[in-house]
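S.K.: As input, take query18.tsv (TSV, C-alpha atoms):
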```tsv
chain	number	residue	atom	x	y	z
A	1	MET	CA	0.00	0.00	0.00
A	2	ALA	CA	1.35	3.35	-0.92
A	3	LEU	CA	2.29	5.93	1.64
A	4	ILE	CA	-0.27	8.23	0.15
A	5	ASP	CA	-3.03	5.84	1.21
A	6	ARG	CA	-2.06	6.56	4.83
A	7	LEU	CA	-1.85	10.27	4.30
A	8	GLY	CA	-3.58	11.27	7.49
A	9	GLU	CA	-1.37	9.36	9.89
A	10	SER	CA	1.73	10.28	7.92
A	11	LEU	CA	0.98	13.94	8.28
A	12	ASP	CA	0.26	13.62	11.97
A	13	SER	CA	3.47	11.81	12.77
A	14	GLY	CA	5.76	13.64	10.38
A	15	ARG	CA	7.82	16.56	11.59
A	16	GLY	CA	6.10	19.75	10.55
A	17	GLY	CA	3.08	17.84	9.36
A	18	GLY	CA	2.67	19.61	6.02
A	19	VAL	CA	5.16	17.84	3.77
A	20	ILE	CA	5.03	14.27	2.52
A	21	LEU	CA	7.55	12.54	0.33
A	22	SER	CA	6.38	9.94	-2.17
A	23	THR	CA	7.26	8.76	-5.66
A	24	VAL	CA	5.65	9.88	-8.87
A	25	ASP	CA	4.61	6.31	-9.64
A	26	SER	CA	2.97	6.00	-6.27
A	27	LEU	CA	1.02	9.21	-6.70
A	28	ILE	CA	-0.05	8.39	-10.26
A	29	ASP	CA	-1.10	4.84	-9.46
A	30	TRP	CA	-3.02	6.07	-6.45
A	31	SER	CA	-4.93	8.60	-8.51
A	32	ARG	CA	-5.54	6.21	-11.40
A	33	GLY	CA	-6.68	3.38	-9.17
A	34	LYS	CA	-9.17	5.47	-7.27
A	35	SER	CA	-10.92	7.10	-10.20
A	36	LEU	CA	-11.61	4.16	-12.49
A	37	TRP	CA	-14.41	5.54	-14.60
A	38	ALA	CA	-16.21	2.70	-16.28
A	39	MET	CA	-17.28	2.25	-19.86
A	40	PRO	CA	-20.39	0.08	-19.40
A	41	MET	CA	-20.36	-2.36	-22.31
A	42	GLY	CA	-23.54	-4.03	-21.17
A	43	THR	CA	-25.02	-6.22	-23.88
A	44	ALA	CA	-27.01	-8.84	-21.99
A	45	CYS	CA	-28.32	-9.85	-18.59
A	46	CYS	CA	-25.02	-9.15	-16.78
A	47	ALA	CA	-25.75	-5.49	-17.50
A	48	MET	CA	-28.52	-5.65	-14.89
A	49	GLU	CA	-25.96	-6.43	-12.21
A	50	LEU	CA	-23.68	-3.78	-13.65
A	51	ILE	CA	-26.48	-1.24	-13.39
A	52	ALA	CA	-27.31	-2.35	-9.86
A	53	ALA	CA	-23.66	-1.85	-8.93
A	54	SER	CA	-23.90	1.83	-9.77
A	55	PHE	CA	-26.96	2.54	-7.69
A	56	ASN	CA	-27.35	3.17	-4.03
A	57	LYS	CA	-27.39	-0.34	-2.63
A	58	PHE	CA	-23.87	-1.07	-3.86
A	59	ASP	CA	-22.79	2.47	-4.71
A	60	PHE	CA	-19.60	2.03	-6.69
A	61	ASP	CA	-19.17	5.77	-6.65
A	62	ARG	CA	-17.48	5.34	-3.27
A	63	HIS	CA	-14.73	3.45	-5.09
A	64	GLY	CA	-14.47	6.22	-7.66
A	65	THR	CA	-16.05	3.97	-10.26
A	66	PHE	CA	-19.11	5.13	-12.05
A	67	PRO	CA	-20.36	4.64	-15.60
A	68	ARG	CA	-19.80	7.19	-18.31
A	69	PRO	CA	-21.46	6.62	-21.68
A	70	ASP	CA	-18.50	8.02	-23.57
A	71	PRO	CA	-15.36	6.00	-24.26
A	72	ARG	CA	-13.16	9.10	-24.24
A	73	HIS	CA	-13.98	9.80	-20.61
A	74	THR	CA	-13.39	6.31	-19.28
A	75	ASP	CA	-10.54	4.18	-17.99
A	76	VAL	CA	-11.94	0.68	-17.69
A	77	MET	CA	-14.28	-1.10	-20.06
A	78	ILE	CA	-16.57	-3.51	-18.26
A	79	VAL	CA	-17.75	-6.01	-20.84
A	80	ALA	CA	-20.93	-7.34	-19.28
A	81	GLY	CA	-22.76	-9.72	-21.53
A	82	THR	CA	-22.66	-11.87	-24.61
A	83	ILE	CA	-20.66	-10.42	-27.48
A	84	THR	CA	-21.80	-11.58	-30.87
A	85	LYS	CA	-19.66	-11.64	-33.96
A	86	LYS	CA	-21.63	-8.72	-35.31
A	87	MET	CA	-21.13	-6.70	-32.11
A	88	ALA	CA	-17.41	-7.45	-31.73
A	89	PRO	CA	-16.17	-4.77	-34.20
A	90	ALA	CA	-18.21	-2.15	-32.36
A	91	VAL	CA	-16.79	-3.24	-28.99
A	92	LYS	CA	-13.27	-3.11	-30.39
A	93	GLN	CA	-13.87	0.33	-31.85
A	94	LEU	CA	-15.14	1.62	-28.51
A	95	TYR	CA	-12.10	0.16	-26.80
A	96	GLU	CA	-9.81	1.85	-29.28
A	97	GLN	CA	-11.53	5.17	-28.65
A	98	MET	CA	-10.69	5.03	-24.95
A	99	ALA	CA	-7.67	7.04	-23.90
A	100	ASP	CA	-4.61	5.32	-22.45
A	101	PRO	CA	-4.13	3.99	-19.85
A	102	LYS	CA	-7.09	1.67	-20.14
A	103	TRP	CA	-8.14	-1.65	-18.70
A	104	VAL	CA	-10.78	-4.28	-19.41
A	105	ILE	CA	-12.92	-6.30	-17.03
A	106	ALA	CA	-14.66	-9.33	-18.54
A	107	MET	CA	-17.80	-9.74	-16.46
A	108	GLY	CA	-19.72	-12.98	-16.57
A	109	ASN	CA	-19.24	-16.29	-18.28
A	110	CYS	CA	-20.23	-15.04	-21.74
A	111	ALA	CA	-17.57	-12.36	-21.73
A	112	VAL	CA	-15.02	-14.76	-20.26
A	113	SER	CA	-15.48	-17.72	-22.58
A	114	GLY	CA	-18.81	-17.56	-24.39
A	115	GLY	CA	-20.49	-19.25	-21.42
A	116	ILE	CA	-23.53	-21.29	-22.32
A	117	PHE	CA	-23.04	-20.23	-25.93
A	118	TYR	CA	-19.69	-21.99	-26.22
A	119	TYR	CA	-21.08	-25.07	-27.93
A	120	ASP	CA	-23.40	-25.30	-30.92
A	121	THR	CA	-23.54	-21.59	-31.52
A	122	TYR	CA	-22.75	-19.85	-34.76
A	123	SER	CA	-22.94	-16.21	-33.72
A	124	VAL	CA	-21.17	-15.72	-30.38
A	125	VAL	CA	-17.55	-14.74	-29.76
A	126	ARG	CA	-15.99	-17.21	-27.30
A	127	GLY	CA	-14.68	-14.67	-24.83
A	128	VAL	CA	-13.75	-11.05	-25.36
A	129	ASP	CA	-10.09	-11.95	-24.87
A	130	GLU	CA	-10.16	-13.03	-28.50
A	131	PHE	CA	-9.89	-9.37	-29.43
A	132	LEU	CA	-9.38	-7.34	-26.22
A	133	PRO	CA	-6.61	-7.49	-23.59
A	134	VAL	CA	-8.59	-8.51	-20.51
A	135	ASP	CA	-7.15	-7.62	-17.08
A	136	VAL	CA	-9.70	-9.13	-14.70
A	137	TYR	CA	-12.13	-11.98	-15.32
A	138	ILE	CA	-15.27	-12.45	-13.22
A	139	ALA	CA	-17.05	-15.78	-13.37
A	140	GLY	CA	-20.78	-16.03	-12.82
A	141	CYS	CA	-23.98	-16.16	-14.76
A	142	PRO	CA	-24.47	-13.38	-13.90
A	143	PRO	CA	-21.98	-12.42	-11.17
A	144	ARG	CA	-23.25	-10.53	-8.16
A	145	PRO	CA	-22.34	-6.85	-7.88
A	146	GLU	CA	-20.04	-7.85	-5.02
A	147	SER	CA	-18.00	-9.83	-7.55
A	148	LEU	CA	-17.72	-6.77	-9.71
A	149	GLN	CA	-16.68	-4.81	-6.66
A	150	ASP	CA	-13.98	-7.38	-5.99
A	151	ALA	CA	-12.85	-7.08	-9.59
A	152	VAL	CA	-12.56	-3.30	-9.33
A	153	LEU	CA	-10.52	-3.59	-6.14
A	154	ARG	CA	-8.28	-6.26	-7.70
A	155	LEU	CA	-7.79	-4.08	-10.72
A	156	ARG	CA	-6.78	-1.27	-8.40
A	157	GLU	CA	-4.19	-3.55	-6.81
A	158	ARG	CA	-2.93	-4.47	-10.22
A	159	ILE	CA	-2.66	-0.79	-11.13
A	160	ALA	CA	-0.64	-0.25	-7.95
A	161	THR	CA	2.09	-2.45	-9.44
A	162	GLU	CA	2.32	-0.43	-12.63
A	163	SER	CA	4.88	2.24	-13.38
A	164	ILE	CA	4.90	5.10	-15.83
A	165	ALA	CA	8.16	3.62	-17.12
A	166	PRO	CA	6.92	1.02	-19.59
A	167	ASP	CA	9.25	-1.86	-18.70
A	168	ARG	CA	9.32	-1.38	-14.95
A	169	ARG	CA	7.05	-2.93	-12.35
A	170	ARG	CA	6.51	-1.52	-8.91
A	171	GLU	CA	6.56	-3.60	-5.83
A	172	ALA	CA	3.27	-3.16	-4.11
A	173	VAL	CA	1.79	-4.78	-1.05
A	174	LEU	CA	-1.31	-6.68	-2.16
A	175	THR	CA	-3.98	-6.97	0.49
A	176	LEU	CA	-6.87	-8.81	-1.18
A	177	PRO	CA	-6.97	-12.53	-0.49
A	178	THR	CA	-6.26	-15.02	-3.22
A	179	VAL	CA	-8.13	-18.29	-3.61
A	180	GLY	CA	-5.77	-20.18	-1.34
A	181	ASP	CA	-6.26	-17.69	1.47
A	182	ILE	CA	-10.01	-18.02	1.63
A	183	SER	CA	-11.48	-20.67	3.88
A	184	PHE	CA	-15.21	-20.75	3.75
A	185	GLY	CA	-17.41	-20.58	6.78
A	186	LYS	CA	-14.94	-18.59	8.83
A	187	ARG	CA	-14.28	-14.94	9.26
A	188	PRO	CA	-10.73	-13.74	8.66
A	189	GLY	CA	-8.71	-13.89	11.84
A	190	GLU	CA	-10.77	-16.62	13.47
A	191	GLY	CA	-9.04	-19.83	14.35
A	192	SER	CA	-10.05	-23.15	12.84
A	193	ALA	CA	-12.62	-25.36	14.51
A	194	ASP	CA	-9.92	-27.69	15.89
A	195	GLU	CA	-8.10	-24.89	17.61
A	196	GLU	CA	-11.30	-23.67	19.21
A	197	SER	CA	-12.19	-27.07	20.59
A	198	GLY	CA	-8.64	-27.48	21.84
A	199	SER	CA	-8.76	-24.23	23.73
A	200	ARG	CA	-11.79	-25.37	25.65
B	1	MET	CA	-68.26	-10.44	-36.62
B	2	ASN	CA	-68.00	-12.80	-33.68
B	3	ILE	CA	-66.04	-16.00	-33.42
B	4	ASN	CA	-68.89	-18.26	-34.58
B	5	GLU	CA	-69.47	-16.22	-37.69
B	6	LEU	CA	-65.74	-16.21	-38.30
B	7	ARG	CA	-65.57	-19.98	-38.08
B	8	GLU	CA	-68.50	-20.41	-40.45
B	9	HIS	CA	-66.99	-17.99	-42.89
B	10	LEU	CA	-63.61	-19.70	-42.85
B	11	CYS	CA	-65.17	-23.14	-43.19
B	12	GLU	CA	-67.04	-21.95	-46.27
B	13	THR	CA	-64.00	-20.28	-47.77
B	14	TYR	CA	-61.55	-23.08	-47.03
B	15	PRO	CA	-63.67	-26.25	-46.89
B	16	ASP	CA	-60.77	-28.69	-46.93
B	17	LEU	CA	-59.07	-26.92	-44.02
B	18	CYS	CA	-62.03	-26.71	-41.69
B	19	PRO	CA	-60.91	-29.48	-39.29
B	20	LEU	CA	-57.70	-27.62	-38.62
B	21	PHE	CA	-59.55	-24.64	-37.37
B	22	SER	CA	-60.28	-24.75	-33.66
B	23	ILE	CA	-60.31	-21.15	-32.61
B	24	GLU	CA	-62.54	-21.72	-29.60
B	25	PHE	CA	-59.82	-23.84	-27.97
B	26	GLY	CA	-57.09	-21.35	-28.58
B	27	ASP	CA	-55.20	-20.22	-31.61
B	28	GLY	CA	-56.69	-21.50	-34.83
B	29	VAL	CA	-54.49	-22.84	-37.58
B	30	LEU	CA	-55.16	-22.11	-41.20
B	31	ALA	CA	-52.91	-23.87	-43.69
B	32	VAL	CA	-52.81	-22.42	-47.17
B	33	ASP	CA	-50.72	-22.92	-50.28
B	34	ALA	CA	-47.92	-20.49	-50.92
B	35	ASP	CA	-49.62	-18.95	-53.94
B	36	ARG	CA	-52.82	-18.36	-51.98
B	37	LEU	CA	-51.11	-16.79	-48.98
B	38	LEU	CA	-51.61	-13.19	-50.04
B	39	ASP	CA	-55.27	-13.75	-50.91
B	40	ALA	CA	-55.97	-15.48	-47.62
B	41	ALA	CA	-54.16	-12.79	-45.65
B	42	THR	CA	-56.03	-10.02	-47.44
B	43	ASP	CA	-59.27	-11.82	-46.68
B	44	LEU	CA	-58.40	-12.21	-43.00
B	45	LYS	CA	-57.42	-8.60	-42.64
B	46	GLU	CA	-60.78	-7.54	-44.00
B	47	LEU	CA	-62.45	-9.86	-41.50
B	48	GLY	CA	-60.87	-7.93	-38.65
B	49	PHE	CA	-57.46	-9.46	-37.99
B	50	ASP	CA	-55.82	-6.11	-37.53
B	51	ARG	CA	-52.62	-7.14	-35.80
B	52	LEU	CA	-49.70	-9.24	-36.98
B	53	SER	CA	-47.97	-10.46	-33.85
B	54	MET	CA	-45.36	-12.87	-35.19
B	55	VAL	CA	-43.67	-14.21	-38.29
B	56	THR	CA	-41.42	-17.23	-38.14
B	57	ALA	CA	-40.62	-20.45	-39.96
B	58	VAL	CA	-39.99	-24.11	-39.19
B	59	ASP	CA	-37.53	-26.32	-41.01
B	60	ARG	CA	-39.40	-29.54	-41.80
B	61	PRO	CA	-37.65	-32.54	-43.38
B	62	THR	CA	-39.11	-31.92	-46.82
B	63	HIS	CA	-40.01	-28.26	-46.88
B	64	LEU	CA	-39.96	-25.00	-44.95
B	65	GLU	CA	-43.10	-24.02	-43.09
B	66	LEU	CA	-43.79	-20.33	-42.90
B	67	VAL	CA	-45.88	-19.20	-39.92
B	68	TYR	CA	-47.77	-15.96	-39.44
B	69	ARG	CA	-49.73	-15.27	-36.28
B	70	LEU	CA	-52.60	-12.82	-36.57
B	71	TYR	CA	-54.67	-11.31	-33.82
B	72	SER	CA	-58.02	-9.59	-33.89
B	73	ARG	CA	-58.62	-7.05	-31.17
B	74	SER	CA	-62.33	-6.81	-31.87
B	75	MET	CA	-62.90	-10.61	-31.77
B	76	THR	CA	-60.07	-11.24	-29.25
B	77	ALA	CA	-59.08	-14.20	-31.37
B	78	ALA	CA	-55.74	-15.33	-32.70
B	79	LEU	CA	-55.08	-17.30	-35.84
B	80	PHE	CA	-52.02	-18.94	-37.33
B	81	ILE	CA	-51.51	-18.99	-41.06
B	82	LYS	CA	-49.15	-21.74	-42.08
B	83	CYS	CA	-47.84	-22.16	-45.55
B	84	ASN	CA	-45.37	-24.67	-46.96
B	85	VAL	CA	-42.64	-23.34	-49.16
B	86	ASP	CA	-40.05	-25.12	-51.22
B	87	ARG	CA	-36.71	-25.77	-49.51
B	88	GLU	CA	-34.54	-25.23	-52.55
B	89	GLU	CA	-36.23	-22.11	-53.86
B	90	PRO	CA	-38.34	-20.61	-51.08
B	91	ARG	CA	-40.28	-17.68	-52.49
B	92	VAL	CA	-43.50	-16.26	-51.19
B	93	HIS	CA	-45.27	-12.95	-51.48
B	94	SER	CA	-44.60	-10.45	-48.71
B	95	LEU	CA	-47.39	-9.28	-46.39
B	96	VAL	CA	-45.78	-5.92	-45.63
B	97	GLY	CA	-48.48	-4.17	-47.61
B	98	LEU	CA	-51.15	-5.52	-45.24
B	99	TRP	CA	-49.34	-5.30	-41.89
B	100	PRO	CA	-46.28	-3.04	-41.70
B	101	ALA	CA	-45.22	-5.06	-38.66
B	102	ALA	CA	-44.05	-7.71	-41.10
B	103	LEU	CA	-41.23	-5.49	-42.26
B	104	TRP	CA	-38.59	-6.56	-39.75
B	105	GLN	CA	-40.14	-9.93	-38.99
B	106	GLU	CA	-39.90	-11.03	-42.58
B	107	ARG	CA	-36.36	-9.72	-42.71
B	108	GLU	CA	-35.52	-11.91	-39.75
B	109	THR	CA	-37.17	-14.92	-41.35
B	110	PHE	CA	-35.15	-14.25	-44.48
B	111	ASP	CA	-32.03	-13.89	-42.35
B	112	MET	CA	-32.47	-17.17	-40.52
B	113	PHE	CA	-34.21	-19.38	-43.09
B	114	GLY	CA	-33.52	-17.78	-46.45
B	115	ILE	CA	-37.16	-17.41	-47.41
B	116	VAL	CA	-37.39	-14.71	-50.09
B	117	PHE	CA	-40.37	-12.39	-49.70
B	118	GLU	CA	-41.34	-10.93	-53.04
B	119	GLY	CA	-42.48	-7.35	-52.84
B	120	HIS	CA	-40.67	-6.67	-49.58
B	121	PRO	CA	-39.31	-3.11	-49.72
B	122	ASP	CA	-36.08	-3.74	-47.82
B	123	LEU	CA	-35.19	-7.42	-47.83
B	124	ARG	CA	-31.71	-7.79	-46.34
B	125	ARG	CA	-30.20	-9.39	-43.27
B	126	ILE	CA	-31.24	-7.86	-39.95
B	127	LEU	CA	-29.48	-9.77	-37.16
B	128	LEU	CA	-26.43	-11.28	-38.82
B	129	PRO	CA	-23.71	-9.33	-40.62
B	130	ASP	CA	-24.47	-8.50	-44.23
B	131	ASP	CA	-21.70	-10.74	-45.55
B	132	TRP	CA	-22.89	-13.85	-43.68
B	133	GLU	CA	-23.12	-17.02	-45.69
B	134	GLY	CA	-25.91	-19.50	-45.16
B	135	TYR	CA	-29.07	-19.51	-43.08
B	136	PRO	CA	-28.30	-20.65	-39.53
B	137	LEU	CA	-31.68	-21.93	-38.38
B	138	ARG	CA	-31.89	-24.44	-41.17
B	139	LYS	CA	-31.12	-27.95	-40.01
B	140	ASP	CA	-28.54	-28.48	-42.73
B	141	TYR	CA	-26.58	-25.34	-41.82
B	142	ARG	CA	-22.89	-26.06	-41.44
B	143	ASP	CA	-20.31	-23.67	-40.09
B	144	ASP	CA	-16.67	-24.52	-39.41
B	145	SER	CA	-16.50	-22.18	-36.44
B	146	VAL	CA	-19.25	-24.01	-34.55
B	147	ILE	CA	-17.92	-26.29	-31.81
B	148	ARG	CA	-20.18	-29.31	-31.44
B	149	ARG	CA	-21.22	-30.23	-27.93
B	150	PRO	CA	-19.47	-33.46	-26.96
B	151	ASP	CA	-21.47	-36.52	-25.98
B	152	TYR	CA	-20.47	-36.54	-22.34
B	153	ILE	CA	-22.11	-33.21	-21.54
```
For this file, write the structure as structure tokens.
M.R.:
Amino acid sequence: MALIDRLGESLDSGRGGGVILSTVDSLIDWSRGKSLWAMPMGTACCAMELIAASFNKFDFDRHGTFPRPDPRHTDVMIVAGTITKKMAPAVKQLYEQMADPKWVIAMGNCAVSGGIFYYDTYSVVRGVDEFLPVDVYIAGCPPRPESLQDAVLRLRERIATESIAPDRRREAVLTLPTVGDISFGKRPGEGSADEESGSR
Amino acid sequence: MNINELREHLCETYPDLCPLFSIEFGDGVLAVDADRLLDAATDLKELGFDRLSMVTAVDRPTHLELVYRLYSRSMTAALFIKCNVDREEPRVHSLVGLWPAALWQERETFDMFGIVFEGHPDLRRILLPDDWEGYPLRKDYRDDSVIRRPDYI
């Protein structure tokens, strides 16, 4: 996590309190990661979850992510829905109209792999990664808005490792759990069931 | 005209098709030849079928079956017109002049089944790209990009 994320405590503890030293990469990644304006490429039922994510129950605006209907204003394209072969050139054109730096989230099974349209279908593209560089994949048919929220936060962590120098990576502390870290039925920080019984 | 008068009228006009017509149990079915389709549709529109709710087709083993569904708001009755067209050279007269709703529906039927509607003002593909080859909803459609579902799924 960048120093700038802990700005308040840094200022309190630092001598003088008004000056903070950071790196340009850290500042730029912080600002990029926390204002990921979304290009909502909603073509099918996943778009309902994408729409729900923007409204008050899930309120992605608190992450700095909200939909803009103009590719030139946006940073991340959220492909939510089935992309047909006829639609694919339009999606690619919209992606090309977005200004760099730009990222892509493939939301839902159709955007990941074609989903239920993988077999026996003549008209569906089998995953948007056939023509777009996808950064984060979300499985689900459709995924919950919480999954999309997780994807946005993971994308932010990925952005935290980027540098404005093209061939350099930053070392960043990643805080979101990976699949191996998650054990179901327990809250983080709780001991396992065996430990609890042993303590009694 | 009520439903009973409609049934009598249709039984007189199409005597050989009368058993197919069971409008009191739901949607009636009226099967006509392809060359009589326009006449029958004109007749039905004059009888009060003012709404065309659907156009589609079915790929039968020997022919294509074109299906129109009509609805009458005054009689609250629905009626299917079915008409068999040739598989190799499917041509039939368009009904756009009677119901403008047929404009896009017939384009879609052309797109998916290749049925050519004569007299249609704008007959081109509507859902698929313009340069698409073949008609995907026909049973004999083959496309190299289609991945067949394996047996174990």
S.K.: Could you list the residues in chain A lying within 6 Å of chain B, using only C-alpha atoms, and format the result as a compact mmCIF listing (two decimals) with C-alpha atoms, keeping the file's coordinate frame?
M.R.:
```
# COMPACT_ATOMS: atom_id res chain seq x y z
CA LYS A 86 -21.63 -8.72 -35.31
CA TYR A 119 -21.08 -25.07 -27.93
CA ASP A 120 -23.40 -25.30 -30.92
CA THR A 121 -23.54 -21.59 -31.52
CA TYR A 122 -22.75 -19.85 -34.76
```
S.K.: Please identify all polymer residues within 7 Å of A:Met41, counting only C-alpha atoms, omitting same-chain residues fewer than 5 positions from it, and present them as a list in words.
M.R.: Met77, Ile78, Val79 and Ala80 of chain A
S.K.: Determine, counting all atoms listed in the file, every residue of protein, DNA or RNA that lies within 10 Å of (-54.5, -10.4, -40.7) in the file coordinates, then give the result as JSON, numbers by chain.
M.R.: {"B": [40, 41, 42, 43, 44, 45, 46, 47, 48, 49, 50, 51, 52, 53, 68, 69, 70, 71, 72, 78, 79, 80, 81, 95, 98, 99]}
S.K.: Deliver the residues from the most recent selection as a file, using C-alpha atoms, as a PDB file, in the frame of the given file.
M.R.:
```
ATOM      1  CA  ALA B  40     -55.970 -15.480 -47.620  1.00  0.00           C
ATOM      2  CA  ALA B  41     -54.160 -12.790 -45.650  1.00  0.00           C
ATOM      3  CA  THR B  42     -56.030 -10.020 -47.440  1.00  0.00           C
ATOM      4  CA  ASP B  43     -59.270 -11.820 -46.680  1.00  0.00           C
ATOM      5  CA  LEU B  44     -58.400 -12.210 -43.000  1.00  0.00           C
ATOM      6  CA  LYS B  45     -57.420  -8.600 -42.640  1.00  0.00           C
ATOM      7  CA  GLU B  46     -60.780  -7.540 -44.000  1.00  0.00           C
ATOM      8  CA  LEU B  47     -62.450  -9.860 -41.500  1.00  0.00           C
ATOM      9  CA  GLY B  48     -60.870  -7.930 -38.650  1.00  0.00           C
ATOM     10  CA  PHE B  49     -57.460  -9.460 -37.990  1.00  0.00           C
ATOM     11  CA  ASP B  50     -55.820  -6.110 -37.530  1.00  0.00           C
ATOM     12  CA  ARG B  51     -52.620  -7.140 -35.800  1.00  0.00           C
ATOM     13  CA  LEU B  52     -49.700  -9.240 -36.980  1.00  0.00           C
ATOM     14  CA  SER B  53     -47.970 -10.460 -33.850  1.00  0.00           C
ATOM     15  CA  TYR B  68     -47.770 -15.960 -39.440  1.00  0.00           C
ATOM     16  CA  ARG B  69     -49.730 -15.270 -36.280  1.00  0.00           C
ATOM     17  CA  LEU B  70     -52.600 -12.820 -36.570  1.00  0.00           C
ATOM     18  CA  TYR B  71     -54.670 -11.310 -33.820  1.00  0.00           C
ATOM     19  CA  SER B  72     -58.020  -9.590 -33.890  1.00  0.00           C
ATOM     20  CA  ALA B  78     -55.740 -15.330 -32.700  1.00  0.00           C
ATOM     21  CA  LEU B  79     -55.080 -17.300 -35.840  1.00  0.00           C
ATOM     22  CA  PHE B  80     -52.020 -18.940 -37.330  1.00  0.00           C
ATOM     23  CA  ILE B  81     -51.510 -18.990 -41.060  1.00  0.00           C
ATOM     24  CA  LEU B  95     -47.390  -9.280 -46.390  1.00  0.00           C
ATOM     25  CA  LEU B  98     -51.150  -5.520 -45.240  1.00  0.00           C
ATOM     26  CA  TRP B  99     -49.340  -5.300 -41.890  1.00  0.00           C
TER      27      TRP B  99
END
```
S.K.: I'd like the interatomic distance between atom CA of B:Pro90 and atom CA of B:Pro15, to a tenth of an Å.
M.R.: 26.3 Å
S.K.: Give me the residues within 9 Å of stretch 102-117 of chain A as a PyMOL selection string, counting all atoms listed in the file and dropping any in the same chain fewer than 6 places off.
M.R.: chain A and resi 46+50+74-83+95+123-129+132-143+147-148+151-152+155
S.K.: Tell me, as number ranges by chain, which residues lie within 9 Å of stretch 55-63 of chain B, counting all atoms listed in the file; anything in the same chain fewer than 3 positions away does not count.
M.R.: B: 52, 66-69, 82, 84-88, 90, 102, 105-106, 108-109, 112-113, 115, 137-139
S.K.: Output the selection as a compact mmCIF listing (two decimals), in the coordinates of the input - C-alpha atoms for each residue.
M.R.:
```txt
# COMPACT_ATOMS: atom_id res chain seq x y z
CA LEU B 52 -49.70 -9.24 -36.98
CA LEU B 66 -43.79 -20.33 -42.90
CA VAL B 67 -45.88 -19.20 -39.92
CA TYR B 68 -47.77 -15.96 -39.44
CA ARG B 69 -49.73 -15.27 -36.28
CA LYS B 82 -49.15 -21.74 -42.08
CA ASN B 84 -45.37 -24.67 -46.96
CA VAL B 85 -42.64 -23.34 -49.16
CA ASP B 86 -40.05 -25.12 -51.22
CA ARG B 87 -36.71 -25.77 -49.51
CA GLU B 88 -34.54 -25.23 -52.55
CA PRO B 90 -38.34 -20.61 -51.08
CA ALA B 102 -44.05 -7.71 -41.10
CA GLN B 105 -40.14 -9.93 -38.99
CA GLU B 106 -39.90 -11.03 -42.58
CA GLU B 108 -35.52 -11.91 -39.75
CA THR B 109 -37.17 -14.92 -41.35
CA MET B 112 -32.47 -17.17 -40.52
CA PHE B 113 -34.21 -19.38 -43.09
CA ILE B 115 -37.16 -17.41 -47.41
CA LEU B 137 -31.68 -21.93 -38.38
CA ARG B 138 -31.89 -24.44 -41.17
CA LYS B 139 -31.12 -27.95 -40.01
```
S.K.: May I have the residues within 8 Å of B:Leu123 as an MDAnalysis selection string, using all atoms listed in the file and disregarding those fewer than 3 positions away in the same chain?
M.R.: chainID B and resid 106:107 110 116:117 120
S.K.: What is the distance, in Å and to one decimal place, between atom CA of A:Thr65 and atom CA of A:Ile20?
M.R.: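 Going from atom CA of A:Thr65 over to atom CA of A:Ile20 covers 26.7 Å.
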S.K.: Can you work out the spacing between atom CA of B:Gly97 and atom CA of B:Asn4 in Å, to one decimal?
M.R.: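 These two atoms are separated by 28.0 Å.
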S.K.: Build an axis-aligned box that encloses every atom of stretch 68-80 of chain B listed in the file, pad it by 4 Å on each side, and report its centre and edge lengths in Å to one decimal, as JSON.
M.R.:
```
{"center_x": -55.3, "center_y": -12.9, "center_z": -34.3, "size_x": 23.1, "size_y": 20.1, "size_z": 18.2}
```
